[in-house]
file target.cif (mmCIF, C-alpha atoms and all ligand atoms)
data_final
loop_
_atom_site.label_atom_id
_atom_site.label_comp_id
_atom_site.auth_asym_id
_atom_site.auth_seq_id
_atom_site.Cartn_x
_atom_site.Cartn_y
_atom_site.Cartn_z
CA MET A 1 54.34 -3.03 29.89
CA THR A 2 55.41 0.61 30.03
CA THR A 3 58.36 1.49 27.84
CA GLY A 4 61.40 2.47 29.84
CA ASN A 5 60.74 0.01 32.66
CA VAL A 6 63.40 -2.61 32.16
CA ILE A 7 62.37 -5.64 34.13
CA GLN A 8 64.78 -8.15 35.55
CA MET A 9 63.34 -10.67 37.95
CA SER A 10 65.38 -11.77 40.91
CA SER A 11 66.50 -15.39 40.97
CA LEU A 12 65.54 -18.00 43.54
CA ALA A 13 69.01 -17.50 45.05
CA GLU A 14 68.08 -13.87 45.68
CA ILE A 15 64.83 -14.93 47.34
CA ASP A 16 66.87 -17.24 49.58
CA ALA A 17 69.16 -14.34 50.47
CA GLU A 18 66.07 -12.27 51.31
CA ARG A 19 64.86 -15.05 53.59
CA VAL A 20 68.14 -15.04 55.48
CA ILE A 21 67.94 -11.25 55.91
CA ALA A 22 64.38 -11.58 57.21
CA ALA A 23 65.27 -14.37 59.65
CA GLN A 24 68.18 -12.32 60.97
CA ALA A 25 65.77 -9.43 61.61
CA GLY A 26 63.66 -11.78 63.75
CA LEU A 27 60.88 -12.42 61.22
CA VAL A 28 59.09 -15.73 60.73
CA VAL A 29 59.81 -16.92 57.19
CA HIS A 30 57.11 -18.94 55.42
CA GLY A 31 58.34 -21.42 52.87
CA ALA A 32 57.00 -20.79 49.38
CA GLU A 33 58.24 -19.83 45.95
CA SER A 34 57.97 -16.14 46.76
CA LEU A 35 58.89 -13.90 49.67
CA ASN A 36 56.51 -14.32 52.61
CA CYS A 37 57.69 -13.24 56.05
CA GLU A 38 55.77 -12.12 59.13
CA THR A 39 56.64 -10.13 62.23
CA PRO A 40 56.31 -11.89 65.59
CA PRO A 41 53.74 -9.93 67.68
CA ALA A 42 56.41 -9.12 70.28
CA LEU A 43 58.14 -6.95 67.61
CA LEU A 44 54.98 -5.04 66.65
CA GLY A 45 54.64 -2.70 69.63
CA GLY A 46 55.83 0.67 68.31
CA GLU A 47 53.83 3.45 66.70
CA VAL A 48 55.64 2.45 63.51
CA THR A 49 57.33 -0.84 62.63
CA PRO A 50 61.03 -0.54 61.79
CA THR A 51 61.41 -1.23 58.07
CA ALA A 52 63.73 -4.21 58.64
CA GLN A 53 60.98 -5.88 60.70
CA PHE A 54 58.04 -5.01 58.43
CA TYR A 55 56.30 -8.11 57.06
CA ARG A 56 56.78 -8.97 53.38
CA ARG A 57 54.24 -10.49 51.06
CA SER A 58 55.07 -10.85 47.36
CA HIS A 59 53.45 -13.20 44.86
CA PHE A 60 56.29 -13.06 42.35
CA PRO A 61 60.03 -12.43 42.45
CA THR A 62 61.01 -8.85 43.18
CA PRO A 63 61.51 -6.87 39.95
CA ALA A 64 64.77 -4.92 39.80
CA LEU A 65 63.65 -1.51 38.57
CA ASP A 66 66.07 1.16 37.42
CA ALA A 67 64.78 4.36 38.98
CA SER A 68 66.31 6.56 36.28
CA ALA A 69 64.42 4.67 33.54
CA TRP A 70 61.24 4.09 35.59
CA ARG A 71 58.06 5.87 34.49
CA LEU A 72 54.54 5.99 35.84
CA ASP A 73 52.03 5.95 33.01
CA VAL A 74 48.53 7.33 33.65
CA ARG A 75 46.19 6.59 30.78
CA GLY A 76 42.77 5.32 29.74
CA LEU A 77 39.70 7.46 30.39
CA VAL A 78 41.63 10.62 31.21
CA ARG A 79 41.78 13.97 29.44
CA ARG A 80 45.58 14.34 29.77
CA PRO A 81 47.58 11.06 29.84
CA LEU A 82 50.68 11.42 32.02
CA ASN A 83 54.11 9.85 31.87
CA LEU A 84 55.93 10.76 35.07
CA SER A 85 59.53 10.14 36.11
CA LEU A 86 60.52 9.57 39.72
CA HIS A 87 61.87 13.12 39.74
CA ASP A 88 58.44 14.37 38.56
CA MET A 89 56.81 12.43 41.42
CA THR A 90 59.10 13.99 44.02
CA GLN A 91 58.31 17.49 42.65
CA LEU A 92 54.57 17.09 43.32
CA PRO A 93 53.14 18.23 46.68
CA ALA A 94 53.75 15.31 49.08
CA GLU A 95 51.98 14.01 52.15
CA THR A 96 53.50 12.01 54.96
CA ALA A 97 51.13 9.68 56.81
CA VAL A 98 51.33 6.79 59.26
CA VAL A 99 49.37 3.93 57.70
CA THR A 100 48.86 0.33 58.83
CA LEU A 101 49.03 -2.40 56.19
CA GLU A 102 47.64 -5.85 56.88
CA CYS A 103 47.57 -8.88 54.60
CA ALA A 104 44.04 -10.21 54.10
CA GLY A 105 45.43 -13.65 55.02
CA ASN A 106 46.66 -12.52 58.44
CA GLY A 107 45.47 -14.99 61.12
CA ARG A 108 44.52 -17.61 58.51
CA THR A 109 46.29 -20.42 60.36
CA ARG A 110 43.52 -20.38 62.97
CA PHE A 111 40.71 -21.36 60.57
CA ARG A 112 39.28 -24.89 60.94
CA PRO A 113 38.97 -26.56 58.57
CA GLN A 114 42.29 -25.22 57.36
CA ALA A 115 42.05 -22.69 54.54
CA PRO A 116 44.53 -22.89 51.64
CA GLY A 117 47.34 -20.37 51.25
CA VAL A 118 50.23 -19.13 53.37
CA GLN A 119 49.55 -20.12 57.00
CA TRP A 120 49.99 -16.67 58.50
CA GLY A 121 49.97 -16.24 62.26
CA PHE A 122 49.08 -12.78 63.59
CA GLY A 123 52.08 -10.87 62.25
CA ALA A 124 51.29 -10.21 58.59
CA ALA A 125 50.71 -6.56 59.47
CA GLY A 126 52.84 -3.50 60.05
CA THR A 127 52.66 0.27 60.34
CA ALA A 128 54.97 2.68 58.56
CA GLU A 129 55.26 6.36 57.78
CA TRP A 130 54.75 6.71 54.02
CA THR A 131 55.59 9.75 51.89
CA GLY A 132 54.46 10.70 48.41
CA PRO A 133 51.77 12.57 46.46
CA LEU A 134 48.11 11.75 46.93
CA LEU A 135 46.68 9.51 44.21
CA ALA A 136 43.71 11.91 44.01
CA ASP A 137 46.03 14.80 43.05
CA VAL A 138 47.68 12.82 40.26
CA LEU A 139 44.29 11.65 38.96
CA ALA A 140 43.03 15.23 39.09
CA ARG A 141 46.02 16.34 36.98
CA ALA A 142 45.17 13.65 34.44
CA GLY A 143 41.45 14.56 34.55
CA VAL A 144 39.26 11.49 35.00
CA GLU A 145 36.46 11.27 32.40
CA PRO A 146 32.88 11.05 33.72
CA ASP A 147 32.26 7.56 32.30
CA ALA A 148 35.16 6.03 34.30
CA SER A 149 34.23 3.42 36.89
CA GLU A 150 37.52 1.93 38.11
CA VAL A 151 41.21 2.65 38.31
CA VAL A 152 43.57 -0.30 37.62
CA PHE A 153 47.05 -0.32 39.13
CA GLY A 154 49.77 -2.37 37.43
CA GLY A 155 52.89 -3.64 39.17
CA ALA A 156 56.10 -4.51 37.30
CA ASP A 157 56.17 -8.04 38.77
CA SER A 158 54.79 -11.06 36.95
CA GLY A 159 54.86 -14.84 36.97
CA ALA A 160 52.89 -18.07 36.88
CA VAL A 161 49.75 -18.66 38.96
CA ASP A 162 47.69 -21.81 39.57
CA GLY A 163 45.15 -22.51 36.89
CA LEU A 164 46.47 -20.15 34.21
CA PRO A 165 48.64 -21.28 31.29
CA HIS A 166 50.43 -17.95 30.83
CA SER A 167 52.25 -15.71 33.24
CA ILE A 168 50.42 -12.66 34.53
CA ARG A 169 51.26 -9.32 36.13
CA PHE A 170 50.21 -8.24 39.58
CA GLU A 171 47.28 -5.87 39.04
CA ARG A 172 44.48 -4.57 41.26
CA SER A 173 41.73 -2.00 40.87
CA LEU A 174 39.82 0.46 43.03
CA PRO A 175 36.46 2.06 42.27
CA VAL A 176 37.06 5.69 41.14
CA ARG A 177 35.43 7.00 44.30
CA ASP A 178 37.79 5.02 46.57
CA ALA A 179 40.78 6.02 44.45
CA MET A 180 39.81 9.67 45.05
CA GLU A 181 38.55 9.53 48.65
CA SER A 182 40.47 6.80 50.51
CA GLY A 183 43.52 8.99 51.06
CA ALA A 184 45.55 6.64 48.84
CA MET A 185 49.15 7.74 48.34
CA LEU A 186 51.79 7.12 45.67
CA ALA A 187 54.59 6.48 48.15
CA TYR A 188 58.29 6.70 47.27
CA ALA A 189 59.47 6.69 50.89
CA MET A 190 58.88 4.40 53.88
CA ASN A 191 59.92 5.51 57.37
CA GLY A 192 61.86 8.43 55.88
CA GLN A 193 63.97 6.37 53.46
CA PRO A 194 63.50 5.44 49.78
CA LEU A 195 61.27 2.36 49.51
CA PRO A 196 63.34 -0.82 49.77
CA ALA A 197 63.13 -3.08 46.69
CA ARG A 198 61.08 -5.69 48.57
CA HIS A 199 58.43 -3.10 49.52
CA GLY A 200 57.95 -1.72 46.01
CA TYR A 201 60.89 0.46 44.93
CA PRO A 202 60.75 3.00 43.44
CA LEU A 203 57.02 3.65 44.05
CA ARG A 204 54.00 1.87 45.47
CA LEU A 205 50.38 2.59 46.12
CA VAL A 206 49.35 2.78 49.81
CA VAL A 207 45.59 2.61 50.41
CA PRO A 208 44.68 3.45 54.03
CA GLY A 209 42.06 1.18 55.60
CA TRP A 210 42.14 -1.46 52.85
CA TYR A 211 43.65 -4.90 53.08
CA ALA A 212 47.17 -4.47 51.75
CA VAL A 213 46.58 -6.39 48.52
CA ALA A 214 45.21 -3.04 47.27
CA SER A 215 48.58 -1.36 47.93
CA VAL A 216 50.28 -2.32 44.66
CA LYS A 217 54.09 -2.39 44.84
CA TRP A 218 56.49 -1.59 41.93
CA LEU A 219 53.73 0.52 40.39
CA THR A 220 54.33 1.35 36.72
CA ASP A 221 50.91 2.17 35.31
CA ILE A 222 47.50 3.47 36.23
CA ARG A 223 44.63 2.83 33.80
CA VAL A 224 41.26 4.48 34.19
CA VAL A 225 38.61 2.13 32.79
CA ALA A 226 34.85 1.96 32.25
CA GLU A 227 34.24 -1.70 33.11
CA PRO A 228 34.87 -3.57 36.39
CA PHE A 229 38.36 -5.07 36.34
CA ARG A 230 38.43 -8.88 36.48
CA GLY A 231 42.11 -9.73 37.01
CA PHE A 232 43.33 -12.81 38.89
CA PHE A 233 44.16 -10.94 42.11
CA GLN A 234 40.82 -9.11 41.90
CA ASP A 235 38.33 -11.75 40.97
CA THR A 236 39.85 -15.21 41.51
CA HIS A 237 41.97 -14.49 44.57
CA TYR A 238 41.35 -11.96 47.34
CA VAL A 239 37.62 -12.63 47.24
CA TYR A 240 35.51 -13.88 50.14
CA GLU A 241 33.68 -17.06 49.29
CA TRP A 242 31.19 -17.49 52.10
CA ASP A 243 29.17 -20.63 52.55
CA ARG A 244 25.65 -19.40 53.34
CA GLY A 245 23.34 -22.37 53.81
CA GLY A 246 25.04 -24.41 51.10
CA ILE A 247 25.19 -21.47 48.69
CA ARG A 248 28.56 -19.95 47.75
CA VAL A 249 28.36 -16.19 48.10
CA ARG A 250 31.25 -14.14 46.67
CA GLU A 251 32.27 -10.70 47.86
CA PRO A 252 35.41 -8.67 47.08
CA ILE A 253 37.66 -8.00 50.05
CA SER A 254 38.13 -4.32 50.84
CA LEU A 255 38.46 -2.76 54.32
CA MET A 256 40.46 -4.40 57.12
CA GLN A 257 38.45 -6.04 59.89
CA VAL A 258 38.83 -4.88 63.50
CA ARG A 259 41.69 -6.58 65.37
CA ALA A 260 43.91 -6.28 68.47
CA VAL A 261 47.35 -7.87 68.83
CA ILE A 262 49.11 -8.37 72.17
CA THR A 263 52.73 -7.27 71.87
CA ARG A 264 53.76 -7.53 75.56
CA PRO A 265 54.29 -9.91 77.23
CA ALA A 266 55.56 -12.31 74.57
CA ALA A 267 54.14 -15.83 74.35
CA GLY A 268 55.96 -18.22 76.67
CA GLN A 269 57.52 -15.47 78.79
CA GLU A 270 58.20 -16.19 82.50
CA LEU A 271 57.09 -13.37 84.77
CA ALA A 272 56.71 -12.63 88.47
CA ARG A 273 53.25 -13.04 90.01
CA GLY A 274 51.34 -9.99 91.24
CA THR A 275 51.11 -7.30 88.59
CA MET A 276 51.77 -7.32 84.90
CA THR A 277 51.52 -4.73 82.13
CA VAL A 278 49.83 -5.99 78.98
CA ARG A 279 50.44 -3.90 75.84
CA GLY A 280 49.43 -4.06 72.24
CA VAL A 281 48.14 -2.44 69.10
CA ALA A 282 44.68 -2.45 67.50
CA TRP A 283 43.28 -1.30 64.18
CA SER A 284 40.27 -1.40 61.89
CA GLY A 285 39.85 -0.31 58.29
CA ALA A 286 36.32 0.98 58.86
CA ALA A 287 36.71 3.40 61.76
CA PRO A 288 38.95 4.43 64.67
CA ILE A 289 39.38 2.02 67.59
CA THR A 290 37.12 2.98 70.49
CA ARG A 291 38.05 0.30 73.02
CA VAL A 292 40.23 -2.69 73.68
CA ASP A 293 39.20 -5.24 76.30
CA VAL A 294 41.70 -7.55 77.92
CA SER A 295 41.07 -10.75 79.84
CA VAL A 296 43.84 -12.09 82.06
CA ALA A 297 43.80 -15.57 83.64
CA ASP A 298 40.36 -16.20 82.12
CA GLY A 299 38.92 -13.32 84.16
CA SER A 300 36.29 -10.91 82.90
CA TRP A 301 37.03 -8.33 80.17
CA GLN A 302 38.80 -5.22 81.49
CA LYS A 303 38.99 -1.99 79.53
CA ALA A 304 42.55 -1.14 78.42
CA ARG A 305 43.85 2.44 78.30
CA LEU A 306 44.22 3.80 74.76
CA ILE A 307 47.59 5.56 74.45
CA GLY A 308 47.92 8.97 72.78
CA MET A 309 45.62 10.54 70.21
CA PRO A 310 43.16 8.35 68.30
CA ALA A 311 45.04 6.95 65.33
CA VAL A 312 43.56 7.86 61.94
CA ASN A 313 45.14 5.37 59.55
CA GLY A 314 47.76 3.83 61.81
CA TRP A 315 47.15 1.43 64.64
CA GLN A 316 46.16 2.39 68.16
CA GLN A 317 48.53 1.50 71.00
CA TRP A 318 46.94 0.36 74.26
CA GLU A 319 47.91 -0.99 77.68
CA LEU A 320 46.41 -2.55 80.77
CA LEU A 321 47.89 -3.00 84.23
CA ALA A 322 46.63 -6.32 85.60
CA SER A 323 47.03 -7.04 89.31
CA GLY A 324 46.37 -9.74 91.90
CA LEU A 325 47.82 -12.40 89.62
CA ARG A 326 48.58 -15.84 91.04
CA PRO A 327 51.38 -18.16 89.91
CA GLY A 328 50.82 -20.64 87.10
CA GLU A 329 50.10 -20.85 83.40
CA THR A 330 48.20 -17.66 82.55
CA ARG A 331 46.24 -16.86 79.42
CA ILE A 332 45.92 -13.28 78.16
CA ARG A 333 43.36 -12.30 75.50
CA ALA A 334 42.63 -8.95 73.83
CA ARG A 335 39.61 -7.87 71.80
CA ALA A 336 39.14 -4.58 69.93
CA SER A 337 36.03 -2.55 69.01
CA ASP A 338 35.72 0.33 66.55
CA LEU A 339 33.60 3.44 66.14
CA ALA A 340 31.58 1.70 63.42
CA GLY A 341 30.33 -0.66 66.17
CA ARG A 342 32.33 -3.67 65.10
CA VAL A 343 33.62 -5.96 67.86
CA GLN A 344 36.21 -8.63 67.27
CA PRO A 345 34.36 -11.96 67.13
CA GLU A 346 35.18 -15.22 68.96
CA GLN A 347 34.75 -17.03 65.66
CA PRO A 348 35.31 -15.10 62.41
CA GLU A 349 33.29 -16.53 59.55
CA TRP A 350 35.14 -19.23 57.65
CA ASN A 351 35.58 -18.53 53.95
CA ALA A 352 37.10 -20.73 51.27
CA LEU A 353 40.31 -18.74 50.75
CA GLY A 354 40.78 -17.87 54.42
CA TYR A 355 40.60 -14.07 54.55
CA ALA A 356 39.84 -11.66 57.40
CA ALA A 357 40.64 -14.18 60.16
CA ASN A 358 40.37 -11.65 62.98
CA PHE A 359 40.40 -14.22 65.75
CA ILE A 360 40.96 -12.86 69.25
CA HIS A 361 44.70 -12.95 69.94
CA GLU A 362 45.82 -15.05 72.92
CA VAL A 363 49.16 -15.23 74.63
CA GLN A 364 50.12 -17.77 77.28
CA VAL A 365 52.73 -16.83 79.91
CA ARG A 366 53.99 -18.45 83.12
CA LEU A 367 53.85 -16.57 86.42
CA HIS A 368 55.97 -17.68 89.37
N1 LIG B 401 53.12 -5.59 42.74
C1 LIG B 401 52.72 -6.24 43.83
N2 LIG B 401 52.09 -5.54 44.80
C2 LIG B 401 51.68 -6.15 45.92
C3 LIG B 401 51.86 -7.54 46.10
C4 LIG B 401 52.52 -8.25 45.08
O1 LIG B 401 52.73 -9.48 45.17
N3 LIG B 401 52.92 -7.57 43.96
N4 LIG B 401 51.38 -8.14 47.25
C5 LIG B 401 50.27 -7.45 47.91
C6 LIG B 401 49.92 -8.05 49.18
S1 LIG B 401 48.93 -9.42 49.14
C7 LIG B 401 50.31 -7.47 50.38
S2 LIG B 401 49.78 -8.12 51.84
C8 LIG B 401 51.20 -6.31 50.40
C9 LIG B 401 52.46 -6.58 51.18
O2 LIG B 401 53.27 -5.44 51.23
P1 LIG B 401 54.71 -5.52 51.91
O3 LIG B 401 55.45 -6.68 51.31
O4 LIG B 401 55.34 -4.20 51.67
O5 LIG B 401 54.48 -5.76 53.40
O6 LIG B 401 51.59 -5.88 49.10
C10 LIG B 401 50.58 -5.98 48.10
N5 LIG B 401 51.06 -5.40 46.88
MO MO B 402 48.29 -9.87 51.28
#

call {"tool": "encode", "arguments": {"input": "target.cif", "output": "structure tokens"}}
result
Amino acid sequence: MTTGNVIQMSSLAEIDAERVIAAQAGLVVHGAESLNCETPPALLGGEVTPTAQFYRRSHFPTPALDASAWRLDVRGLVRRPLNLSLHDMTQLPAETAVVTLECAGNGRTRFRPQAPGVQWGFGAAGTAEWTGPLLADVLARAGVEPDASEVVFGGADSGAVDGLPHSIRFERSLPVRDAMESGAMLAYAMNGQPLPARHGYPLRLVVPGWYAVASVKWLTDIRVVAEPFRGFFQDTHYVYEWDRGGIRVREPISLMQVRAVITRPAAGQELARGTMTVRGVAWSGAAPITRVDVSVADGSWQKARLIGMPAVNGWQQWELLASGLRPGETRIRARASDLAGRVQPEQPEWNALGYAANFIHEVQVRLH
């Protein structure tokens, strides 16, 4: 652990208090030892998600970091190791970017047979405006050696995990090329405010396009290494385990799959017959969204209008005006496609740990 980073883990009472705060903000709170809360789709509609409503996913209790003592250590296969204070970070040229984060377990609850882990609905995703220096700039200052293959990011949080006798830290790696070219940021601000403790105060990594497990919170150290990193959250968890003809095939998770979420109307809403505006958001880690198709009352797919400029790393807002609607229980479905040619599938491929469950989102409303 980096010297200077005094770690104090929050108690279970503090996690309970966090759950109350989340419930009051309208989030769905999942019961577990750590903080796991998702945003109901009806609260996801904006270009950015208000911080109070942004989903939370933490494996361990939130570390209480003292920003004045905090340091970011950059070491390993670099020419000039760095030890940066928060003030140093804020003095570096900063970027501000709208980036969508999505938990790899989002949608998991729809898998049959059930996959283990938190039974996320469709709201373990959010979009925020993040501010901080680019990771590539900080790595360039340190000078990555040519024999480096990966960059390992260490969080200040730690605890027990299934199957291991000792407690471990939260750590994840990126290949050097992705660390340099993904647009990853070392963010100290979220939606124009200092990062809240639960989202990684004082500094977190934000990796556009990647499932959010890559976006390490409470970042304290960056190690440039020669060998592939094999940590628990890299190699045991957050790995696809596909069943291909009786053979287990493993693959690391990386970019977010293509997905649309309906944000209006809300499930269970009562609406007048005739016309209805359906709205939502859509994103993909691989490429911009090119179309969203909506089916209302089990009718054929209709092309929704994409709102505003194509989103780069944030989600794309869309809407469709449906008309000629008759009274009764009415099902609405939305399906996204991206520029890389990926179309949201009817049945995402089941995998043992239940990742990338980009099922087509459905909402049922009643027209009268
Ligand atoms: N240090 C640390 N970083 C972390 C995690 C964590 O438990 N510890 N959880 C990861 C996962 S799985 C997700 S989905 C996102 C959640 O970020 P959020 O809580 O800000 O929404 O943080 C990622 N970064
Ligand atoms: Mo996650």

call {"tool": "residues_near_ligand", "arguments": {"input": "target.cif", "ligand": "ligand LIG 401 (chain B)", "cutoff": "6 Å", "atoms": "all atoms listed in the file", "output": "ChimeraX atom specification"}}
result
/A:55-60,102-103,155,157,170,199,212-213,215-218

call {"tool": "closest_residue", "arguments": {"input": "target.cif", "among": "A:Ala179, A:Leu353, A:Leu320, A:Ala286", "to": "ligand MO 402 (chain B)", "atoms": "only C-alpha atoms and all ligand atoms"}}
result
A:Leu353

call {"tool": "atom_distance", "arguments": {"input": "target.cif", "atom1": "atom CA of A:Glu171", "atom2": "atom CA of A:Pro93"}}
result
26.0 Å

call {"tool": "residues_around", "arguments": {"input": "target.cif", "residues": "stretch 124-133 of chain A", "least_positions_apart": "6", "cutoff": "7 Å", "atoms": "all atoms listed in the file", "output": "list in words"}}
result
Glu38, Thr39, Val48, Thr49, Phe54, Tyr55, Leu92, Pro93, Ala94, Glu95, Thr96, Ala97, Val98, Val99, Thr100, Leu101, Glu102, Cys103, Asn106, Met185, Leu186, Ala187, Tyr188, Ala189, Met190, Asn191 and Gly314 of chain A

call {"tool": "closest_residue", "arguments": {"input": "target.cif", "among": "A:Trp301, A:Phe111, A:Phe359, A:Trp210", "to": "ligand MO 402 (chain B)", "atoms": "all atoms listed in the file"}}
result
A:Trp210

call {"tool": "closest_residue", "arguments": {"input": "target.cif", "among": "A:Ala226, A:Ala352, A:Ala357, A:Leu164", "to": "A:Glu251", "atoms": "all atoms listed in the file"}}
result
A:Ala352

call {"tool": "closest_residue", "arguments": {"input": "target.cif", "among": "A:Pro50, A:Gly163, A:Gly107, A:Pro63", "to": "ligand MO 402 (chain B)", "atoms": "only C-alpha atoms and all ligand atoms"}}
result
A:Gly107

call {"tool": "atom_distance", "arguments": {"input": "target.cif", "atom1": "atom CA of A:Gly117", "atom2": "atom CA of A:Asn351"}}
result
12.2 Å

call {"tool": "atom_distance", "arguments": {"input": "target.cif", "atom1": "atom CA of A:Ala184", "atom2": "atom CA of A:Ala356"}}
result
21.0 Å

call {"tool": "closest_residue", "arguments": {"input": "target.cif", "among": "A:Val118, A:Val258, A:Ala197, A:Ala160", "to": "A:Ala336", "atoms": "all atoms listed in the file"}}
result
A:Val258

call {"tool": "closest_residue", "arguments": {"input": "target.cif", "among": "A:Ala104, A:Leu367, A:Leu77, A:Met276", "to": "ligand MO 402 (chain B)", "atoms": "all atoms listed in the file"}}
result
A:Ala104

call {"tool": "residues_around", "arguments": {"input": "target.cif", "residues": "A:Gln344", "least_positions_apart": "3", "cutoff": "7 Å", "atoms": "all atoms listed in the file", "output": "ChimeraX atom specification"}}
result
/A:258-259,335-337,358,360
